[in-house]
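Novice: Quick one, coords.txt (compact mmCIF, C-alpha atoms and all ligand atoms):
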```
# COMPACT_ATOMS: atom_id res chain seq x y z
CA MET E 1 33.58 -31.13 9.61
CA ILE E 2 31.03 -28.39 10.15
CA ARG E 3 27.76 -30.16 9.34
CA LEU E 4 25.20 -27.46 8.54
CA ARG E 5 22.93 -30.07 7.03
CA ARG E 6 22.10 -31.39 10.53
CA LEU E 7 19.78 -28.38 10.91
CA ARG E 8 17.98 -29.23 7.66
CA ALA E 9 17.54 -32.94 8.14
CA SER E 10 13.79 -33.12 8.69
CA GLU E 11 10.67 -31.02 8.44
CA ASN E 12 10.37 -30.81 12.21
CA ILE E 13 13.99 -29.75 12.69
CA ARG E 14 13.63 -27.14 9.96
CA ASN E 15 10.48 -25.83 11.63
CA LEU E 16 12.26 -25.74 14.98
CA VAL E 17 15.12 -23.54 13.76
CA ARG E 18 13.22 -21.38 11.29
CA GLU E 19 14.12 -17.70 11.81
CA THR E 20 11.26 -16.01 10.00
CA ARG E 21 7.56 -16.74 9.98
CA LEU E 22 4.59 -15.18 8.32
CA HIS E 23 1.23 -14.48 9.93
CA LYS E 24 -1.91 -13.24 8.22
CA ASP E 25 -2.33 -10.44 10.80
CA GLU E 26 0.69 -8.75 9.23
CA LEU E 27 -0.85 -8.57 5.77
CA VAL E 28 -2.58 -5.52 4.33
CA TYR E 29 -4.83 -5.93 1.29
CA PRO E 30 -5.13 -2.97 -1.12
CA VAL E 31 -8.60 -2.38 -2.59
CA PHE E 32 -10.06 -0.10 -5.27
CA ILE E 33 -13.47 1.52 -4.97
CA ILE E 34 -14.92 3.31 -7.96
CA GLU E 35 -17.74 5.82 -8.34
CA GLY E 36 -20.92 4.35 -9.86
CA GLU E 37 -23.34 1.50 -9.28
CA ASN E 38 -23.26 -2.25 -9.71
CA ILE E 39 -19.64 -2.26 -10.89
CA LYS E 40 -17.13 -5.08 -10.54
CA ASN E 41 -14.47 -4.35 -13.16
CA PRO E 42 -11.52 -6.68 -13.52
CA VAL E 43 -8.19 -4.83 -13.72
CA ASP E 44 -6.69 -6.42 -16.84
CA SER E 45 -3.07 -6.01 -15.82
CA MET E 46 -3.74 -7.39 -12.31
CA PRO E 47 -5.55 -10.75 -12.60
CA GLY E 48 -7.76 -11.34 -9.55
CA ILE E 49 -8.02 -7.63 -8.67
CA TYR E 50 -11.23 -5.66 -9.29
CA GLN E 51 -12.59 -2.16 -9.02
CA TYR E 52 -15.84 -2.25 -7.07
CA SER E 53 -18.57 0.32 -6.69
CA ILE E 54 -19.59 0.84 -3.06
CA ASP E 55 -22.83 -1.14 -3.51
CA ARG E 56 -20.88 -4.18 -4.76
CA PHE E 57 -18.07 -3.94 -2.24
CA ASP E 58 -19.82 -6.16 0.31
CA GLU E 59 -18.81 -9.26 -1.64
CA GLU E 60 -15.17 -8.16 -1.35
CA LEU E 61 -15.66 -7.52 2.38
CA GLU E 62 -16.96 -11.07 2.71
CA ARG E 63 -13.87 -12.47 0.95
CA ILE E 64 -11.62 -10.37 3.21
CA GLU E 65 -13.40 -11.56 6.33
CA LYS E 66 -13.38 -15.18 5.20
CA ALA E 67 -9.64 -15.00 4.55
CA GLY E 68 -9.16 -13.54 8.02
CA ILE E 69 -7.44 -10.40 6.74
CA LYS E 70 -7.67 -7.57 9.28
CA SER E 71 -6.40 -4.52 7.34
CA ILE E 72 -7.11 -2.96 3.98
CA LEU E 73 -5.47 -0.07 2.12
CA LEU E 74 -8.16 1.89 0.34
CA PHE E 75 -7.94 3.72 -2.97
CA GLY E 76 -10.93 5.67 -4.29
CA ILE E 77 -11.47 6.35 -7.98
CA PRO E 78 -13.64 9.43 -8.58
CA GLU E 79 -15.78 10.07 -11.62
CA HIS E 80 -14.77 13.72 -12.01
CA LYS E 81 -11.25 15.05 -11.89
CA ASP E 82 -10.09 18.66 -11.87
CA GLU E 83 -6.91 20.75 -11.72
CA CYS E 84 -6.80 20.85 -7.94
CA GLY E 85 -8.11 17.37 -7.16
CA SER E 86 -11.12 18.64 -5.23
CA GLY E 87 -12.69 15.16 -4.99
CA ALA E 88 -9.82 14.16 -2.72
CA TYR E 89 -10.85 16.39 0.18
CA ASP E 90 -14.60 16.43 -0.37
CA GLU E 91 -16.49 15.16 2.72
CA ASN E 92 -18.69 13.27 0.30
CA GLY E 93 -15.94 12.10 -2.02
CA ILE E 94 -15.82 8.49 -3.18
CA THR E 95 -13.17 7.48 -0.63
CA GLN E 96 -14.89 9.19 2.28
CA ARG E 97 -18.21 7.49 1.40
CA ALA E 98 -16.49 4.16 0.90
CA ILE E 99 -14.91 4.37 4.36
CA ARG E 100 -18.27 5.16 5.99
CA HIS E 101 -19.80 2.16 4.24
CA ILE E 102 -16.98 -0.19 5.21
CA LYS E 103 -16.97 0.98 8.82
CA GLU E 104 -20.71 0.39 9.03
CA LYS E 105 -20.39 -3.16 7.69
CA SER E 106 -17.05 -4.14 9.27
CA PRO E 107 -16.27 -1.82 12.16
CA ASP E 108 -13.21 -3.79 13.28
CA LEU E 109 -11.51 -3.98 9.91
CA ILE E 110 -8.51 -1.61 9.93
CA VAL E 111 -8.99 0.91 7.15
CA ILE E 112 -5.79 2.53 5.93
CA ALA E 113 -6.60 5.48 3.68
CA ASP E 114 -4.13 6.56 1.01
CA VAL E 115 -3.64 10.32 0.90
CA CYS E 116 -2.63 11.68 -2.50
CA LEU E 117 -4.12 13.84 -5.21
CA CYS E 118 -3.14 11.86 -8.32
CA GLU E 119 -6.39 9.87 -8.58
CA TYR E 120 -8.33 13.13 -8.37
CA THR E 121 -6.37 15.57 -10.54
CA SER E 122 -7.04 15.99 -14.26
CA HIS E 123 -3.25 16.04 -14.87
CA GLY E 124 -2.69 12.92 -12.76
CA HIS E 125 0.11 14.41 -10.65
CA CYS E 126 0.27 14.03 -6.88
CA GLY E 127 0.28 17.78 -6.19
CA LEU E 128 -0.92 21.11 -7.55
CA ILE E 129 0.74 22.33 -10.73
CA HIS E 130 1.83 25.75 -11.90
CA ASP E 131 3.74 26.27 -15.16
CA GLY E 132 4.53 22.56 -15.30
CA GLU E 133 6.00 22.54 -11.79
CA ILE E 134 4.58 20.32 -9.04
CA LEU E 135 4.07 22.73 -6.15
CA ASN E 136 5.09 21.52 -2.71
CA ASP E 137 3.93 23.98 -0.07
CA GLU E 138 0.69 24.89 -1.87
CA THR E 139 -0.25 21.19 -1.97
CA LEU E 140 0.26 20.60 1.76
CA PRO E 141 -2.98 22.15 3.06
CA LEU E 142 -5.00 20.07 0.58
CA LEU E 143 -3.34 16.88 1.77
CA ALA E 144 -4.06 17.88 5.37
CA GLN E 145 -7.68 18.56 4.51
CA MET E 146 -7.93 15.21 2.74
CA ALA E 147 -6.49 13.43 5.79
CA VAL E 148 -8.99 15.12 8.11
CA THR E 149 -11.99 14.20 5.93
CA LEU E 150 -10.78 10.60 5.76
CA ALA E 151 -10.34 10.47 9.53
CA LYS E 152 -13.82 11.96 9.99
CA ALA E 153 -15.21 9.25 7.72
CA GLY E 154 -13.68 6.62 10.01
CA ALA E 155 -10.20 5.79 8.65
CA ASP E 156 -7.94 4.24 11.29
CA ILE E 157 -4.63 4.98 9.59
CA ILE E 158 -3.68 7.78 7.20
CA ALA E 159 -1.05 6.88 4.60
CA PRO E 160 0.29 9.87 2.65
CA SER E 161 1.80 8.64 -0.64
CA ASP E 162 2.27 12.01 -2.35
CA MET E 163 5.97 12.49 -1.48
CA MET E 164 5.64 16.24 -0.82
CA ASP E 165 8.22 17.51 1.68
CA GLY E 166 6.84 18.28 5.12
CA HIS E 167 3.55 16.44 4.52
CA THR E 168 3.75 14.21 7.58
CA ALA E 169 4.12 17.17 9.97
CA VAL E 170 1.30 19.12 8.35
CA ILE E 171 -1.02 16.09 8.36
CA ARG E 172 -0.15 15.21 11.98
CA LYS E 173 -0.94 18.76 13.08
CA ALA E 174 -4.22 18.87 11.15
CA LEU E 175 -5.31 15.54 12.62
CA ASP E 176 -4.42 16.66 16.15
CA ASP E 177 -6.12 20.04 15.73
CA ASN E 178 -9.31 18.31 14.62
CA GLY E 179 -9.52 15.87 17.49
CA PHE E 180 -7.89 12.92 15.72
CA SER E 181 -4.76 12.57 17.82
CA ASN E 182 -5.38 8.81 17.99
CA ILE E 183 -5.35 8.30 14.23
CA LEU E 184 -2.10 6.73 13.07
CA ILE E 185 0.11 7.88 10.22
CA MET E 186 1.79 5.28 8.05
CA GLY E 187 4.34 7.21 6.01
CA TYR E 188 5.15 6.11 2.50
CA SER E 189 8.55 7.09 3.79
CA ALA E 190 10.85 5.78 1.09
CA LYS E 191 8.84 5.75 -2.10
CA TYR E 192 10.78 5.36 -5.32
CA ALA E 193 9.92 6.63 -8.80
CA SER E 194 9.32 3.11 -10.03
CA GLY E 195 8.25 1.38 -13.21
CA TYR E 196 6.59 -1.19 -10.96
CA TYR E 197 3.56 1.06 -10.42
CA SER E 198 2.12 0.93 -13.92
CA PRO E 199 -0.56 -1.75 -13.34
CA PHE E 200 -1.73 0.28 -10.32
CA ARG E 201 -2.15 3.32 -12.52
CA ASP E 202 -4.50 1.27 -14.74
CA ALA E 203 -6.41 0.20 -11.65
CA ALA E 204 -6.61 3.66 -10.05
CA HIS E 205 -6.76 5.76 -13.24
CA SER E 206 -3.86 7.81 -11.91
CA ALA E 207 -1.19 7.89 -14.62
CA PRO E 208 0.30 11.37 -15.05
CA ALA E 209 -0.99 13.06 -18.22
CA PHE E 210 2.48 14.50 -18.90
CA GLY E 211 5.99 14.00 -17.57
CA ASP E 212 6.73 11.64 -14.71
CA ARG E 213 7.00 11.64 -10.93
CA ARG E 214 10.79 11.93 -10.69
CA THR E 215 10.77 15.41 -9.14
CA TYR E 216 8.99 14.09 -6.07
CA GLN E 217 9.45 10.31 -5.88
CA MET E 218 12.93 8.95 -5.18
CA ASP E 219 15.68 7.98 -7.62
CA PRO E 220 16.01 4.15 -7.67
CA ALA E 221 19.79 4.57 -7.60
CA ASN E 222 19.80 6.09 -4.11
CA GLY E 223 19.95 4.35 -0.74
CA LYS E 224 21.08 6.99 1.76
CA GLU E 225 18.34 9.30 0.56
CA ALA E 226 15.82 6.69 1.72
CA LEU E 227 17.24 6.94 5.21
CA ARG E 228 16.90 10.75 5.12
CA GLU E 229 13.26 10.37 4.03
CA CYS E 230 12.67 7.99 6.93
CA GLU E 231 14.41 10.30 9.41
CA ALA E 232 12.19 13.15 8.25
CA ASP E 233 9.08 11.00 8.71
CA ILE E 234 10.17 9.91 12.18
CA GLU E 235 10.82 13.51 13.19
CA GLU E 236 7.50 14.68 11.76
CA GLY E 237 5.53 12.11 13.71
CA ALA E 238 4.94 9.04 11.55
CA ASP E 239 3.86 5.97 13.56
CA ILE E 240 4.78 3.40 10.92
CA LEU E 241 7.39 3.66 8.16
CA MET E 242 7.18 2.11 4.71
CA VAL E 243 9.48 1.18 1.87
CA LYS E 244 7.99 0.94 -1.61
CA PRO E 245 8.33 -1.01 -3.90
CA GLY E 246 9.37 -4.19 -2.10
CA LEU E 247 11.39 -6.85 -3.84
CA ALA E 248 13.81 -4.64 -5.78
CA TYR E 249 14.41 -2.58 -2.60
CA LEU E 250 15.05 -5.19 0.11
CA ASP E 251 18.42 -3.61 0.87
CA ILE E 252 16.50 -0.46 1.79
CA VAL E 253 14.06 -2.47 3.92
CA LYS E 254 17.02 -3.92 5.80
CA GLU E 255 18.68 -0.55 6.33
CA VAL E 256 15.50 1.17 7.47
CA SER E 257 14.76 -1.66 9.90
CA GLN E 258 18.20 -1.09 11.43
CA LEU E 259 17.80 2.70 11.47
CA SER E 260 14.54 2.89 13.38
CA ASN E 261 12.51 1.12 16.02
CA LEU E 262 9.23 2.12 14.40
CA PRO E 263 7.15 -0.65 12.84
CA LEU E 264 8.16 -1.04 9.21
CA ALA E 265 5.87 -1.87 6.31
CA VAL E 266 6.86 -2.88 2.81
CA TYR E 267 4.62 -2.42 -0.22
CA ASN E 268 4.75 -5.37 -2.60
CA VAL E 269 3.43 -3.22 -5.44
CA SER E 270 1.25 -3.84 -8.46
CA GLY E 271 4.03 -4.60 -10.96
CA GLU E 272 5.53 -7.19 -8.61
CA TYR E 273 2.12 -8.84 -8.39
CA SER E 274 1.47 -8.71 -12.13
CA MET E 275 4.83 -10.27 -13.02
CA VAL E 276 4.13 -13.25 -10.77
CA LYS E 277 0.59 -13.61 -12.12
CA ALA E 278 1.77 -13.46 -15.74
CA ALA E 279 4.46 -16.08 -15.25
CA ALA E 280 2.03 -18.30 -13.31
CA ALA E 281 -0.63 -17.98 -16.02
CA ASN E 282 1.95 -19.25 -18.51
CA GLY E 283 2.76 -22.21 -16.29
CA TRP E 284 6.37 -21.05 -15.97
CA ILE E 285 6.51 -20.90 -12.18
CA ASP E 286 4.89 -22.52 -9.15
CA GLU E 287 2.82 -19.53 -8.08
CA LYS E 288 2.21 -20.46 -4.47
CA ARG E 289 5.84 -21.30 -3.89
CA ILE E 290 7.10 -18.08 -5.49
CA VAL E 291 4.61 -15.87 -3.66
CA MET E 292 5.42 -17.42 -0.27
CA GLU E 293 9.15 -17.07 -0.98
CA ASN E 294 8.65 -13.39 -1.83
CA MET E 295 6.66 -12.83 1.37
CA ILE E 296 9.26 -14.46 3.59
CA ALA E 297 12.04 -12.50 1.81
CA MET E 298 10.36 -9.20 2.69
CA LYS E 299 9.99 -10.26 6.32
CA ARG E 300 13.54 -11.57 6.51
CA ALA E 301 14.78 -8.21 5.22
CA GLY E 302 13.11 -6.59 8.23
CA ALA E 303 9.53 -5.67 7.35
CA GLN E 304 6.83 -6.42 9.93
CA ILE E 305 3.91 -5.45 7.76
CA ILE E 306 3.43 -6.54 4.14
CA ILE E 307 1.03 -4.66 1.89
CA THR E 308 0.23 -7.05 -0.94
CA TYR E 309 -2.39 -7.82 -3.58
CA HIS E 310 -1.66 -11.49 -2.79
CA ALA E 311 -2.98 -11.05 0.78
CA LEU E 312 -6.17 -13.12 0.42
CA GLU E 313 -4.47 -16.05 -1.27
CA VAL E 314 -1.53 -15.94 1.13
CA ALA E 315 -3.92 -16.04 4.09
CA GLU E 316 -5.60 -19.06 2.51
CA TRP E 317 -2.26 -20.84 1.95
CA LEU E 318 -1.17 -20.10 5.54
CA ARG E 319 -4.36 -21.72 6.77
CA GLU E 320 -3.73 -24.85 4.69
CA ASN E 321 -0.31 -25.38 6.30
C1 LIG E 401 -0.48 7.16 -5.45
C2 LIG E 401 0.00 5.75 -5.28
C3 LIG E 401 0.64 4.93 -6.21
C4 LIG E 401 0.78 3.69 -5.62
C5 LIG E 401 0.26 3.79 -4.34
N1 LIG E 401 -0.22 5.08 -4.13
C6 LIG E 401 1.04 5.19 -7.64
C7 LIG E 401 2.02 6.19 -7.96
O1 LIG E 401 2.71 6.76 -7.10
O2 LIG E 401 2.10 6.47 -9.16
C8 LIG E 401 1.36 2.48 -6.28
C9 LIG E 401 0.90 1.17 -5.76
C10 LIG E 401 1.15 -0.01 -6.61
O3 LIG E 401 1.81 0.05 -7.68
O4 LIG E 401 0.66 -1.07 -6.22
N2 LIG E 401 0.50 8.12 -5.29
ZN ZN E 402 -0.08 10.20 -6.11
```
Rewrite the structure of this file - the entire thing - as structure tokens.
Specialist:
Amino acid sequence: MIRLRRLRASENIRNLVRETRLHKDELVYPVFIIEGENIKNPVDSMPGIYQYSIDRFDEELERIEKAGIKSILLFGIPEHKDECGSGAYDENGITQRAIRHIKEKSPDLIVIADVCLCEYTSHGHCGLIHDGEILNDETLPLLAQMAVTLAKAGADIIAPSDMMDGHTAVIRKALDDNGFSNILIMGYSAKYASGYYSPFRDAAHSAPAFGDRRTYQMDPANGKEALRECEADIEEGADILMVKPGLAYLDIVKEVSQLSNLPLAVYNVSGEYSMVKAAAANGWIDEKRIVMENMIAMKRAGAQIIITYHALEVAEWLREN
């Protein structure tokens, strides 16, 4: 008889043959920084997640340091929005100031800066608009300018999440031309038009005022298209690829990990987090067990980097073990 149970017989044997492990250095914690003073706003749809003003962010930095988390993904929330998202590429915009503050307090913390216009535009779309159309090529220089201002402020990694065609090449060139050839680009390579982003849009005030994002984000029904997006990002100079969302797209994570030798990140997005938190709050699931199972599933599928709102608690649980 083939006795597979021999390999499961004890804790030590299971540990010996375990194929996938999780380490806190692979976790990225997304954070929200809002314009204003003395603000720590809970995000209702994301229990445990807050919007902080810059002056209150030090307490979050302390939590991050205490948990031993080494990377954050930063989202700025401006006070004023306009048609062309000018706060996004303002040298003194909320995100640029937040990065300077963080780099002063925690110079070694890896700051990944999201590049997109949707938090900054009055219409909430990720690009410029004309006659209801999201303009691709006209948006590119603004994204490039945003990336350069974020790099100047001290960002280590630029992560363009706008899904405009050609953005990675334009951003790479702008960074290089401005003396930032060492700044990395983490592409949001395969980003789907997903219902899982809605809690994030509460947190970042970035819901589109009309329509949806289906003309630029990917159709959830498509897999091969994700590989084309990744190929484009590789060709255009991305250093790290990403699949987003995570759990409903693990087949894509697997395929991308087989397609490319670039490091691969997966974004365990807001809706995935909120669903776990809601079920846990009702006492319907064992939160720690479910979260750790989700984390290991994303790694097993082929991701090396996990961007997750659970990062601080996961780091704590890893320490306990
Ligand atoms: C901005 C952006 C979004 C997310 C990351 N960057 C929202 C969107 O595309 O509407 C979603 C992250 C999450 O849900 O946790 N383009
Ligand atoms: Zn956007």
Novice: What residues have any atom no more than 12 Å from ligand ZN 402 (chain E) when counting all atoms listed in the file, and can you list them as a ChimeraX atom specification?
Specialist: /E:75-76,85,88,114-121,123-128,134,139,143,159-164,188,191-193,197,200-201,204-208,212-214,216-217
Novice: CA of Pro47 (chain E) to CA of Ser198 (chain E): how many Å, to one decimal?
Specialist: 14.0 Å
Novice: Just give me the gap between CA of Gly154 (chain E) and CA of Val28 (chain E) in Å, one decimal is fine.
Specialist: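 Separating CA of Gly154 (chain E) from CA of Val28 (chain E) is a distance of 17.4 Å.
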Novice: Give me, please, the distance in Å between CA of Ala248 (chain E) and CA of Asn222 (chain E), quoted to one decimal.
Specialist: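 Between these atoms lies a distance of 12.4 Å.
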Novice: Rank E:Leu142, E:Met275, E:Ala265, E:Ala297 by their smallest atom-to-atom distance to Asp90 (chain E), using all atoms listed in the file, and report the top residue only.
Specialist: E:Leu142
Novice: Just want the 9 Å neighbourhood of Ile185 (chain E), counted on all atoms listed in the file, with same-chain residues fewer than 6 positions away dropped. Output as a PyMOL selection string.
Specialist: chain E and resi 156-160+168+171-172+237-241
Novice: Edge lengths and centre in Å to one decimal, as lines of an AutoDock Vina configuration file, is what I'm after for the box along x, y and z that holds all listed atoms of ligand LIG 401 (chain E) once 5 Å is added on each side.
Specialist:
```
center_x = 1.1
center_y = 3.5
center_z = -6.6
size_x = 13.2
size_y = 19.2
size_z = 15.0
```
Novice: Would you mind telling me which residue in E:Ile252, E:Ile33, E:Ile102, E:Val170 lies nearest to Tyr52 (chain E) when using all atoms listed in the file?
Specialist: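 Smallest separation from Tyr52 (chain E) among the options: E:Ile33.
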Novice: Would you list the residues near (-17.7, 12.7, -8.4), meaning any protein, DNA or RNA residue with an atom at most 12 Å from that point in file coordinates, counting only C-alpha atoms, as a PDB file with C-alpha atoms, in the frame of the given file?
Specialist:
```
ATOM      1  CA  ILE E  34     -14.920   3.310  -7.960  1.00  0.00           C
ATOM      2  CA  GLU E  35     -17.740   5.820  -8.340  1.00  0.00           C
ATOM      3  CA  GLY E  36     -20.920   4.350  -9.860  1.00  0.00           C
ATOM      4  CA  GLY E  76     -10.930   5.670  -4.290  1.00  0.00           C
ATOM      5  CA  ILE E  77     -11.470   6.350  -7.980  1.00  0.00           C
ATOM      6  CA  PRO E  78     -13.640   9.430  -8.580  1.00  0.00           C
ATOM      7  CA  GLU E  79     -15.780  10.070 -11.620  1.00  0.00           C
ATOM      8  CA  HIS E  80     -14.770  13.720 -12.010  1.00  0.00           C
ATOM      9  CA  LYS E  81     -11.250  15.050 -11.890  1.00  0.00           C
ATOM     10  CA  ASP E  82     -10.090  18.660 -11.870  1.00  0.00           C
ATOM     11  CA  GLY E  85      -8.110  17.370  -7.160  1.00  0.00           C
ATOM     12  CA  SER E  86     -11.120  18.640  -5.230  1.00  0.00           C
ATOM     13  CA  GLY E  87     -12.690  15.160  -4.990  1.00  0.00           C
ATOM     14  CA  ALA E  88      -9.820  14.160  -2.720  1.00  0.00           C
ATOM     15  CA  TYR E  89     -10.850  16.390   0.180  1.00  0.00           C
ATOM     16  CA  ASP E  90     -14.600  16.430  -0.370  1.00  0.00           C
ATOM     17  CA  GLU E  91     -16.490  15.160   2.720  1.00  0.00           C
ATOM     18  CA  ASN E  92     -18.690  13.270   0.300  1.00  0.00           C
ATOM     19  CA  GLY E  93     -15.940  12.100  -2.020  1.00  0.00           C
ATOM     20  CA  ILE E  94     -15.820   8.490  -3.180  1.00  0.00           C
ATOM     21  CA  THR E  95     -13.170   7.480  -0.630  1.00  0.00           C
ATOM     22  CA  GLN E  96     -14.890   9.190   2.280  1.00  0.00           C
ATOM     23  CA  ARG E  97     -18.210   7.490   1.400  1.00  0.00           C
ATOM     24  CA  GLU E 119      -6.390   9.870  -8.580  1.00  0.00           C
ATOM     25  CA  TYR E 120      -8.330  13.130  -8.370  1.00  0.00           C
ATOM     26  CA  THR E 121      -6.370  15.570 -10.540  1.00  0.00           C
TER      27      THR E 121
END
```
Novice: Between E:Ala190, E:Leu135, E:Glu293, E:Ala147, which has the minimum distance to Met242 (chain E) (counting only C-alpha atoms)?
Specialist: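 Smallest separation from Met242 (chain E) among the options: E:Ala190.
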Novice: Around the point (-18.1, -9.9, 11.5), in the coordinates given by the file, pick out the residues reaching within 12 Å, counting only C-alpha atoms, and return them as number ranges by chain.
Specialist: E: 58, 61-66, 68-70, 102-109
Novice: Using all atoms listed in the file, pick whichever of E:Tyr50, E:Tyr273, E:Trp317, E:Phe210 has the shortest atom-to-atom distance to ligand LIG 401 (chain E).
Specialist: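 Ranked by minimum distance to ligand LIG 401 (chain E), first place goes to E:Tyr273.
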Novice: Neighbouring residues of Ala279 (chain E) were defined as those with any atom within 12 Å, considering only C-alpha atoms; residues of the same chain fewer than 5 positions away were excluded. Please report them as a list of chain:residue names.
Specialist: E:Pro47, E:Glu272, E:Tyr273, E:Ser274, E:Trp284, E:Ile285, E:Asp286, E:Glu287, E:Lys288, E:Ile290, E:Val291
Novice: Give the answer as one residue: which of E:Arg300, E:Lys24, E:Lys40, E:Lys244 has the shortest atom-to-atom distance to Leu312 (chain E), using all atoms listed in the file?
Specialist: E:Lys24
